[in-house]
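**Student:** Structure supplied as query-v6.cif; contents: mmCIF, C-alpha atoms.
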data_data
loop_
_atom_site.group_PDB
_atom_site.id
_atom_site.type_symbol
_atom_site.label_atom_id
_atom_site.label_comp_id
_atom_site.auth_asym_id
_atom_site.auth_seq_id
_atom_site.Cartn_x
_atom_site.Cartn_y
_atom_site.Cartn_z
ATOM 1 C CA MET O 27 25.922 22.857 5.320
ATOM 2 C CA SER O 28 26.397 22.082 1.635
ATOM 3 C CA ALA O 29 23.840 22.903 -1.062
ATOM 4 C CA VAL O 30 22.074 20.185 -3.051
ATOM 5 C CA HIS O 31 24.323 19.016 -5.868
ATOM 6 C CA PHE O 32 25.050 16.091 -8.173
ATOM 7 C CA SER O 33 28.029 13.899 -7.387
ATOM 8 C CA PRO O 34 28.339 11.501 -10.366
ATOM 9 C CA SER O 35 31.640 10.173 -8.961
ATOM 10 C CA SER O 36 29.536 8.445 -6.248
ATOM 11 C CA LEU O 37 28.471 5.948 -8.920
ATOM 12 C CA LYS O 38 32.051 4.624 -8.998
ATOM 13 C CA GLU O 39 31.657 3.480 -5.374
ATOM 14 C CA GLY O 40 28.968 1.010 -6.410
ATOM 15 C CA ARG O 41 29.747 -2.480 -7.673
ATOM 16 C CA TRP O 42 27.984 -3.848 -10.765
ATOM 17 C CA TYR O 43 26.200 -6.545 -8.742
ATOM 18 C CA GLU O 44 24.704 -3.920 -6.415
ATOM 19 C CA TYR O 45 22.774 -2.455 -9.359
ATOM 20 C CA ILE O 46 21.502 -5.934 -10.224
ATOM 21 C CA VAL O 47 20.484 -6.494 -6.580
ATOM 22 C CA ARG O 48 18.450 -3.267 -6.592
ATOM 23 C CA PHE O 49 16.851 -4.107 -9.955
ATOM 24 C CA VAL O 50 15.849 -7.551 -8.642
ATOM 25 C CA PHE O 51 14.613 -6.048 -5.331
ATOM 26 C CA GLY O 52 12.461 -3.538 -7.243
ATOM 27 C CA GLY O 53 11.106 -6.216 -9.547
ATOM 28 C CA VAL O 54 10.352 -8.635 -6.714
ATOM 29 C CA ALA O 55 8.691 -5.904 -4.586
ATOM 30 C CA THR O 56 6.426 -4.970 -7.534
ATOM 31 C CA VAL O 57 5.513 -8.620 -8.239
ATOM 32 C CA PHE O 58 4.900 -9.177 -4.507
ATOM 33 C CA THR O 59 2.548 -6.163 -4.361
ATOM 34 C CA GLY O 60 0.662 -7.535 -7.376
ATOM 35 C CA LEU O 61 0.321 -10.960 -5.738
ATOM 36 C CA ILE O 62 -0.924 -9.421 -2.468
ATOM 37 C CA SER O 63 -3.483 -7.324 -4.384
ATOM 38 C CA SER O 64 -4.849 -10.281 -6.341
ATOM 39 C CA ARG O 65 -4.977 -12.495 -3.199
ATOM 40 C CA TYR O 66 -6.251 -10.002 -0.574
ATOM 41 C CA GLY O 67 -7.803 -7.183 -2.624
ATOM 42 C CA ALA O 68 -6.950 -3.628 -3.620
ATOM 43 C CA SER O 69 -6.913 -2.136 -0.097
ATOM 44 C CA VAL O 70 -4.383 -4.537 1.423
ATOM 45 C CA GLY O 71 -2.374 -4.441 -1.816
ATOM 46 C CA GLY O 72 -2.396 -0.648 -1.687
ATOM 47 C CA LEU O 73 -0.707 -0.688 1.732
ATOM 48 C CA PHE O 74 2.257 -2.506 0.200
ATOM 49 C CA LEU O 75 2.799 0.284 -2.345
ATOM 50 C CA ALA O 76 4.607 2.031 0.523
ATOM 51 C CA LEU O 77 6.504 -1.039 1.761
ATOM 52 C CA PRO O 78 10.078 -0.003 2.634
ATOM 53 C CA ALA O 79 11.619 -3.071 0.938
ATOM 54 C CA ILE O 80 13.819 -0.943 -1.319
ATOM 55 C CA PHE O 81 14.899 1.216 1.612
ATOM 56 C CA CYS O 82 16.313 -1.860 3.423
ATOM 57 C CA ALA O 83 18.564 -2.557 0.435
ATOM 58 C CA SER O 84 19.651 1.048 -0.122
ATOM 59 C CA ALA O 85 20.434 1.770 3.577
ATOM 60 C CA THR O 86 22.539 -1.393 3.772
ATOM 61 C CA LEU O 87 24.429 -0.411 0.617
ATOM 62 C CA ILE O 88 25.045 3.129 1.919
ATOM 63 C CA GLU O 89 26.479 1.730 5.156
ATOM 64 C CA LYS O 90 28.654 -0.714 3.165
ATOM 65 C CA HIS O 91 30.024 2.055 0.918
ATOM 66 C CA GLU O 92 30.895 4.236 3.913
ATOM 67 C CA ILE O 93 32.665 1.370 5.705
ATOM 68 C CA ARG O 94 34.574 0.467 2.520
ATOM 69 C CA ARG O 95 35.664 4.079 2.056
ATOM 70 C CA LYS O 96 36.917 4.327 5.660
ATOM 71 C CA ARG O 97 38.700 0.947 5.426
ATOM 72 C CA GLU O 98 40.662 2.285 2.465
ATOM 73 C CA GLU O 99 41.944 4.956 4.871
ATOM 74 C CA ASN O 100 42.722 2.216 7.455
ATOM 75 C CA LEU O 101 39.849 3.298 9.705
ATOM 76 C CA ASP O 102 37.090 1.105 11.161
ATOM 77 C CA GLY O 103 34.199 3.066 9.638
ATOM 78 C CA ARG O 104 31.388 1.127 11.318
ATOM 79 C CA ARG O 105 30.052 4.090 13.268
ATOM 80 C CA ARG O 106 30.383 6.333 10.215
ATOM 81 C CA GLY O 107 28.471 3.737 8.188
ATOM 82 C CA GLU O 108 25.644 3.637 10.730
ATOM 83 C CA GLU O 109 25.461 7.444 10.760
ATOM 84 C CA ALA O 110 25.301 7.578 6.961
ATOM 85 C CA ALA O 111 22.445 5.038 6.970
ATOM 86 C CA ALA O 112 20.697 7.047 9.730
ATOM 87 C CA LEU O 113 20.931 10.213 7.618
ATOM 88 C CA ASP O 114 19.380 8.279 4.743
ATOM 89 C CA ALA O 115 16.579 7.148 7.094
ATOM 90 C CA ALA O 116 15.964 10.752 8.185
ATOM 91 C CA GLY O 117 15.623 11.704 4.518
ATOM 92 C CA ALA O 118 13.284 8.764 3.947
ATOM 93 C CA ALA O 119 11.014 9.980 6.783
ATOM 94 C CA LEU O 120 10.626 13.276 4.906
ATOM 95 C CA GLY O 121 10.219 11.391 1.620
ATOM 96 C CA ALA O 122 7.356 9.471 3.250
ATOM 97 C CA LEU O 123 5.471 12.774 3.628
ATOM 98 C CA GLY O 124 5.944 13.220 -0.103
ATOM 99 C CA MET O 125 4.651 9.706 -0.680
ATOM 100 C CA LEU O 126 1.593 10.592 1.386
ATOM 101 C CA ALA O 127 0.985 13.599 -0.890
ATOM 102 C CA PHE O 128 1.474 11.336 -3.941
ATOM 103 C CA ALA O 129 -1.191 8.903 -2.705
ATOM 104 C CA ILE O 130 -3.740 11.631 -1.867
ATOM 105 C CA VAL O 131 -3.347 13.474 -5.199
ATOM 106 C CA PHE O 132 -3.417 10.234 -7.215
ATOM 107 C CA ALA O 133 -6.529 8.937 -5.422
ATOM 108 C CA LEU O 134 -8.349 12.239 -5.994
ATOM 109 C CA MET O 135 -7.419 12.609 -9.677
ATOM 110 C CA VAL O 136 -7.167 9.148 -11.235
ATOM 111 C CA GLU O 137 -10.873 8.746 -11.982
ATOM 112 C CA ARG O 138 -10.864 12.046 -13.929
ATOM 113 C CA SER O 139 -7.633 11.699 -15.877
ATOM 114 C CA VAL O 140 -5.003 8.961 -15.544
ATOM 115 C CA SER O 141 -2.109 10.904 -17.078
ATOM 116 C CA ALA O 142 -2.919 14.028 -15.029
ATOM 117 C CA ALA O 143 -3.080 11.834 -11.902
ATOM 118 C CA PHE O 144 0.418 10.454 -12.514
ATOM 119 C CA ALA O 145 1.856 13.885 -13.356
ATOM 120 C CA GLY O 146 0.105 15.661 -10.464
ATOM 121 C CA ALA O 147 0.968 12.955 -7.915
ATOM 122 C CA SER O 148 4.645 12.868 -8.948
ATOM 123 C CA LEU O 149 4.828 16.661 -8.731
ATOM 124 C CA ALA O 150 3.153 16.586 -5.300
ATOM 125 C CA TRP O 151 5.713 14.001 -4.118
ATOM 126 C CA LEU O 152 8.626 16.149 -5.318
ATOM 127 C CA VAL O 153 7.299 19.457 -3.941
ATOM 128 C CA VAL O 154 6.300 18.084 -0.509
ATOM 129 C CA SER O 155 9.515 16.050 -0.071
ATOM 130 C CA VAL O 156 11.811 18.924 -1.032
ATOM 131 C CA ALA O 157 9.813 21.449 1.032
ATOM 132 C CA ALA O 158 9.953 19.164 4.105
ATOM 133 C CA TRP O 159 13.691 18.725 3.612
ATOM 134 C CA CYS O 160 14.237 22.519 3.327
ATOM 135 C CA VAL O 161 12.161 23.209 6.481
ATOM 136 C CA ARG O 162 14.088 20.562 8.456
ATOM 137 C CA ARG O 163 17.411 21.970 7.249
ATOM 138 C CA LYS O 164 16.439 25.525 8.230
ATOM 139 C CA MET O 165 15.260 24.337 11.665
ATOM 140 C CA ARG O 166 18.494 22.427 12.244
ATOM 141 C CA SER O 167 20.732 25.351 11.277
ATOM 142 C CA ALA O 168 18.654 27.708 13.482
ATOM 143 C CA ARG O 169 19.017 25.262 16.404
ATOM 144 C CA ARG O 170 22.776 25.032 15.798
ATOM 145 C CA ARG O 171 23.109 28.830 15.716
ATOM 146 C CA HIS O 172 21.102 29.072 18.948
ATOM 147 C CA THR O 173 23.339 26.477 20.670
ATOM 148 C CA ALA O 174 26.503 28.213 19.421
ATOM 149 C CA ASP O 175 25.190 31.571 20.695
ATOM 150 C CA LYS O 176 24.438 30.025 24.100
ATOM 151 C CA ILE O 177 27.922 28.500 24.342
ATOM 152 C CA SER O 178 29.682 31.721 23.314
ATOM 153 C CA GLY O 179 27.376 33.683 25.656
ATOM 154 C CA SER O 180 28.214 31.514 28.665
ATOM 155 C CA ALA O 181 31.943 31.720 27.773
ATOM 156 C CA VAL O 182 31.813 35.519 27.740
ATOM 157 C CA SER O 183 29.542 36.139 30.767
ATOM 158 C CA PRO O 184 32.121 35.380 33.566
ATOM 159 C CA ASN O 185 34.191 38.390 32.396
ATOM 160 C CA HIS O 186 31.240 40.799 32.749
ATOM 161 C CA MET T 28 2.639 -14.957 -16.317
ATOM 162 C CA THR T 29 3.284 -12.146 -18.828
ATOM 163 C CA GLU T 30 1.738 -9.678 -16.367
ATOM 164 C CA TYR T 31 4.156 -10.706 -13.603
ATOM 165 C CA LEU T 32 7.128 -10.554 -15.974
ATOM 166 C CA LEU T 33 6.033 -7.044 -16.968
ATOM 167 C CA ARG T 34 5.649 -6.130 -13.283
ATOM 168 C CA PHE T 35 9.149 -7.426 -12.549
ATOM 169 C CA LEU T 36 10.779 -5.512 -15.412
ATOM 170 C CA LEU T 37 8.859 -2.278 -14.854
ATOM 171 C CA GLY T 38 9.418 -2.391 -11.077
ATOM 172 C CA GLY T 39 13.128 -3.106 -11.546
ATOM 173 C CA VAL T 40 13.608 -0.236 -14.001
ATOM 174 C CA VAL T 41 11.683 2.394 -11.980
ATOM 175 C CA VAL T 42 13.295 1.412 -8.652
ATOM 176 C CA SER T 43 16.798 1.381 -10.211
ATOM 177 C CA ALA T 44 16.225 4.829 -11.766
ATOM 178 C CA PHE T 45 15.251 6.364 -8.396
ATOM 179 C CA ALA T 46 18.115 4.524 -6.653
ATOM 180 C CA VAL T 47 20.698 5.928 -9.103
ATOM 181 C CA LEU T 48 19.269 9.426 -8.556
ATOM 182 C CA GLY T 49 19.647 8.889 -4.819
ATOM 183 C CA ASP T 50 23.241 7.720 -5.346
ATOM 184 C CA ILE T 51 24.378 10.787 -7.258
ATOM 185 C CA LEU T 52 22.598 13.442 -5.172
ATOM 186 C CA ARG T 53 24.245 15.069 -2.157
ATOM 187 C CA PRO T 54 23.895 15.815 0.763
ATOM 188 C CA LYS T 55 22.934 12.351 2.001
ATOM 189 C CA SER T 56 19.798 13.472 3.853
ATOM 190 C CA PHE T 57 18.489 14.905 0.534
ATOM 191 C CA ALA T 58 19.387 11.696 -1.306
ATOM 192 C CA GLY T 59 17.396 9.836 1.359
ATOM 193 C CA LEU T 60 14.220 11.403 -0.062
ATOM 194 C CA PHE T 61 14.660 9.043 -3.003
ATOM 195 C CA GLY T 62 14.765 6.057 -0.633
ATOM 196 C CA ALA T 63 11.081 6.797 -0.028
ATOM 197 C CA ALA T 64 10.256 7.596 -3.651
ATOM 198 C CA PRO T 65 6.985 6.072 -4.887
ATOM 199 C CA SER T 66 8.856 3.838 -7.351
ATOM 200 C CA VAL T 67 6.958 0.585 -6.675
ATOM 201 C CA ALA T 68 3.717 2.605 -6.548
ATOM 202 C CA ILE T 69 4.289 4.172 -9.994
ATOM 203 C CA ALA T 70 4.938 0.764 -11.579
ATOM 204 C CA THR T 71 2.073 -0.988 -9.757
ATOM 205 C CA LEU T 72 -0.540 1.746 -10.208
ATOM 206 C CA GLY T 73 0.312 1.985 -13.926
ATOM 207 C CA ILE T 74 -0.404 -1.727 -14.351
ATOM 208 C CA ALA T 75 -3.484 -1.508 -12.071
ATOM 209 C CA VAL T 76 -5.018 1.221 -14.268
ATOM 210 C CA CYS T 77 -4.429 -0.811 -17.450
ATOM 211 C CA ARG T 78 -5.627 -4.143 -16.023
ATOM 212 C CA HIS T 79 -8.433 -3.198 -13.614
ATOM 213 C CA GLY T 80 -9.347 0.438 -14.335
ATOM 214 C CA ALA T 81 -9.080 3.787 -12.551
ATOM 215 C CA ASP T 82 -11.517 2.824 -9.788
ATOM 216 C CA TYR T 83 -9.308 -0.070 -8.626
ATOM 217 C CA ALA T 84 -6.165 2.098 -8.776
ATOM 218 C CA ALA T 85 -7.907 4.796 -6.711
ATOM 219 C CA GLN T 86 -8.789 2.199 -4.059
ATOM 220 C CA GLN T 87 -5.134 1.144 -3.920
ATOM 221 C CA ALA T 88 -3.998 4.780 -3.648
ATOM 222 C CA TRP T 89 -6.356 5.441 -0.694
ATOM 223 C CA ALA T 90 -4.876 2.439 1.138
ATOM 224 C CA MET T 91 -1.387 3.651 0.233
ATOM 225 C CA ILE T 92 -1.997 6.663 2.524
ATOM 226 C CA ALA T 93 -1.876 4.304 5.532
ATOM 227 C CA GLY T 94 1.271 2.677 4.131
ATOM 228 C CA ALA T 95 2.942 6.078 3.695
ATOM 229 C CA ILE T 96 2.178 7.128 7.307
ATOM 230 C CA ALA T 97 3.608 3.772 8.435
ATOM 231 C CA LEU T 98 6.689 4.449 6.291
ATOM 232 C CA ALA T 99 7.293 7.777 8.068
ATOM 233 C CA VAL T 100 7.078 6.041 11.476
ATOM 234 C CA TYR T 101 9.296 3.208 10.196
ATOM 235 C CA SER T 102 12.003 5.646 8.999
ATOM 236 C CA VAL T 103 12.094 7.431 12.372
ATOM 237 C CA VAL T 104 12.388 4.074 14.189
ATOM 238 C CA VAL T 105 15.246 2.973 11.866
ATOM 239 C CA CYS T 106 17.022 6.290 12.521
ATOM 240 C CA GLN T 107 16.713 5.826 16.298
ATOM 241 C CA LEU T 108 17.896 2.201 16.171
ATOM 242 C CA LEU T 109 20.975 3.220 14.182
ATOM 243 C CA ILE T 110 21.904 6.225 16.310
ATOM 244 C CA ARG T 111 20.792 5.257 19.827
ATOM 245 C CA ALA T 112 20.805 1.438 19.847
ATOM 246 C CA ARG T 113 23.824 1.392 17.469
ATOM 247 C CA LEU T 114 22.431 -1.462 15.400
ATOM 248 C CA ARG T 115 23.837 -2.167 11.931
ATOM 249 C CA ALA T 116 21.733 -1.089 8.931
ATOM 250 C CA ALA T 117 20.502 -4.567 7.959
ATOM 251 C CA PRO T 118 19.071 -5.610 11.373
ATOM 252 C CA ALA T 119 17.725 -2.074 12.022
ATOM 253 C CA THR T 120 15.828 -1.899 8.719
ATOM 254 C CA LEU T 121 14.559 -5.484 8.938
ATOM 255 C CA LEU T 122 13.457 -5.337 12.608
ATOM 256 C CA SER T 123 11.602 -2.081 11.974
ATOM 257 C CA LEU T 124 9.478 -3.807 9.314
ATOM 258 C CA VAL T 125 7.415 -5.127 12.260
ATOM 259 C CA VAL T 126 6.636 -1.485 13.175
ATOM 260 C CA TRP T 127 5.640 -0.754 9.564
ATOM 261 C CA LEU T 128 3.282 -3.758 9.496
ATOM 262 C CA ILE T 129 1.654 -2.854 12.851
ATOM 263 C CA VAL T 130 1.120 0.831 11.935
ATOM 264 C CA ALA T 131 -0.022 0.126 8.353
ATOM 265 C CA PHE T 132 -2.535 -2.599 9.259
ATOM 266 C CA GLY T 133 -3.587 -0.705 12.395
ATOM 267 C CA LEU T 134 -4.489 2.359 10.321
ATOM 268 C CA LEU T 135 -6.226 0.265 7.667
ATOM 269 C CA THR T 136 -8.304 -1.484 10.338
ATOM 270 C CA PHE T 137 -9.060 1.841 12.023
ATOM 271 C CA ALA T 138 -10.291 3.220 8.701
ATOM 272 C CA GLY T 139 -12.484 0.146 8.218
ATOM 273 C CA GLY T 140 -10.343 -1.299 5.426
ATOM 274 C CA LYS T 141 -11.310 1.518 3.088
ATOM 275 C CA THR T 142 -8.438 3.955 3.689
#
What would you get if you wrote out this structure as structure tokens?

**Tutor:**
Amino acid sequence: MSAVHFSPSSLKEGRWYEYIVRFVFGGVATVFTGLISSRYGASVGGLFLALPAIFCASATLIEKHEIRRKREENLDGRRRGEEAAALDAAGAALGALGMLAFAIVFALMVERSVSAAFAGASLAWLVVSVAAWCVRRKMRSARRRHTADKISGSAVSPNH
Amino acid sequence: MTEYLLRFLLGGVVVSAFAVLGDILRPKSFAGLFGAAPSVAIATLGIAVCRHGADYAAQQAWAMIAGAIALAVYSVVVCQLLIRARLRAAPATLLSLVVWLIVAFGLLTFAGGKT
């Protein structure tokens, strides 16, 4: 398993219009949340702060990039694209735990200090998301080691 | 009108910034964390504090807890639809929005609308 790293070359895979699409998606989602809040109140509006509208766009783009990359190698790439989007979804599930931490910290702190609420909530999001990702990664590698041990154990046992 | 223009610009900038971070980070499962970054929340809560005060923003943040739990369920459902049902990303993410709506509003109702 590879360590976390930056891959700036990945930016070359994106087309200019994809950045515009994401900007527009982000803008529209924020306007939509504002409209919902002013029409139905703060509680219903608050729900939509965690609407996965942006995720729909990013997962579709990830799948598209993977398919495009495989097509350049004359491969179909559809399955690979779906798997890449699924990996992104698995990461988003862990990120949602971070978002939960963000909401709790912000709600508890905002009436005392607005700037501290934003800083504390953002930090909580980062810490919880990364910690959840590390735990999941450790569990997966432990499970893989266990499976590999079982396979090698059953391959050796007939000789004993 | 100016408020909505500001919302659009701020939302677009914050979401794009998190999306670019997600693009350049590897492995992909780690980059996925940024797919659930509170980008819309940061932009919206910032405006909510300025326009309506801290009390209103706190109310929104409490309700966001239900939305975040629904997002976790939604992401797992999307993952399953992609891997097991072999759906493409667009239909999987769009169909699962129904799950997000049911869980989010279910939790909000359960909490008496004051999550």

**Student:** Residues of chain T within 6 Å of chain O, using all atoms listed in the file, as a short mmCIF file (atom, residue, chain, number, x, y, z; two decimals) with C-alpha atoms, in the frame of the given file?

**Tutor:**
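As a result, result-v7.cif now contains:
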data_model
loop_
_atom_site.label_atom_id
_atom_site.label_comp_id
_atom_site.auth_asym_id
_atom_site.auth_seq_id
_atom_site.Cartn_x
_atom_site.Cartn_y
_atom_site.Cartn_z
CA TYR T 31 4.16 -10.71 -13.60
CA ARG T 34 5.65 -6.13 -13.28
CA PHE T 35 9.15 -7.43 -12.55
CA LEU T 36 10.78 -5.51 -15.41
CA GLY T 38 9.42 -2.39 -11.08
CA GLY T 39 13.13 -3.11 -11.55
CA VAL T 42 13.30 1.41 -8.65
CA SER T 43 16.80 1.38 -10.21
CA ILE T 51 24.38 10.79 -7.26
CA LEU T 52 22.60 13.44 -5.17
CA ARG T 53 24.24 15.07 -2.16
CA SER T 56 19.80 13.47 3.85
CA PHE T 57 18.49 14.90 0.53
CA GLY T 59 17.40 9.84 1.36
CA LEU T 60 14.22 11.40 -0.06
CA GLY T 62 14.76 6.06 -0.63
CA ALA T 63 11.08 6.80 -0.03
CA VAL T 67 6.96 0.58 -6.68
CA ALA T 68 3.72 2.60 -6.55
CA ALA T 81 -9.08 3.79 -12.55
CA ALA T 85 -7.91 4.80 -6.71
CA GLN T 87 -5.13 1.14 -3.92
CA ALA T 88 -4.00 4.78 -3.65
CA TRP T 89 -6.36 5.44 -0.69
CA ALA T 90 -4.88 2.44 1.14
CA MET T 91 -1.39 3.65 0.23
CA ILE T 92 -2.00 6.66 2.52
CA GLY T 94 1.27 2.68 4.13
CA ALA T 95 2.94 6.08 3.70
CA LEU T 98 6.69 4.45 6.29
CA ALA T 99 7.29 7.78 8.07
CA SER T 102 12.00 5.65 9.00
CA CYS T 106 17.02 6.29 12.52
CA LEU T 109 20.98 3.22 14.18
CA ALA T 116 21.73 -1.09 8.93
CA ALA T 117 20.50 -4.57 7.96
CA THR T 120 15.83 -1.90 8.72
#

**Student:** Please write the residues picked by the PyMOL selection byres ((chain T and resi 124-130) around 8) on this file as a PDB file with C-alpha atoms, in the coordinates of the input.

**Tutor:**
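So the final result, stored in result.pdb, reads:
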ATOM      1  CA  LEU O  77       6.504  -1.039   1.761  1.00  0.00           C
ATOM      2  CA  PRO O  78      10.078  -0.003   2.634  1.00  0.00           C
TER       3      PRO O  78
ATOM      4  CA  ALA T  93      -1.876   4.304   5.532  1.00  0.00           C
ATOM      5  CA  GLY T  94       1.271   2.677   4.131  1.00  0.00           C
ATOM      6  CA  ILE T  96       2.178   7.128   7.307  1.00  0.00           C
ATOM      7  CA  ALA T  97       3.608   3.772   8.435  1.00  0.00           C
ATOM      8  CA  LEU T  98       6.689   4.449   6.291  1.00  0.00           C
ATOM      9  CA  VAL T 100       7.078   6.041  11.476  1.00  0.00           C
ATOM     10  CA  TYR T 101       9.296   3.208  10.196  1.00  0.00           C
ATOM     11  CA  THR T 120      15.828  -1.899   8.719  1.00  0.00           C
ATOM     12  CA  LEU T 121      14.559  -5.484   8.938  1.00  0.00           C
ATOM     13  CA  LEU T 122      13.457  -5.337  12.608  1.00  0.00           C
ATOM     14  CA  SER T 123      11.602  -2.081  11.974  1.00  0.00           C
ATOM     15  CA  ALA T 131      -0.022   0.126   8.353  1.00  0.00           C
ATOM     16  CA  PHE T 132      -2.535  -2.599   9.259  1.00  0.00           C
ATOM     17  CA  GLY T 133      -3.587  -0.705  12.395  1.00  0.00           C
ATOM     18  CA  LEU T 134      -4.489   2.359  10.321  1.00  0.00           C
TER      19      LEU T 134
END

**Student:** Please give the centre and size of the box around stretch 51-56 of chain T (axis-aligned, containing every atom listed in the file, 5 Å added per side), with values in Å to one decimal and written as AutoDock Vina command-line options.

**Tutor:**
--center_x 22.1 --center_y 13.3 --center_z -1.7 --size_x 14.6 --size_y 15.0 --size_z 21.1

**Student:** To one decimal place, how far is atom CA of O:Glu44 from atom CA of O:Arg94 in Å?

**Tutor:** 14.0 Å

**Student:** Suppose you want the space between atom CA of O:His91 and atom CA of T:Phe61; what is it in Å?

**Tutor:**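 Between atom CA of O:His91 and atom CA of T:Phe61 the gap works out to 17.3 Å.
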
**Student:** Can you tell me how far atom CA of O:Leu101 sits from atom CA of T:Val104, in Å to one decimal?

**Tutor:**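 Atom-to-atom, atom CA of O:Leu101 to atom CA of T:Val104, that is 27.8 Å.
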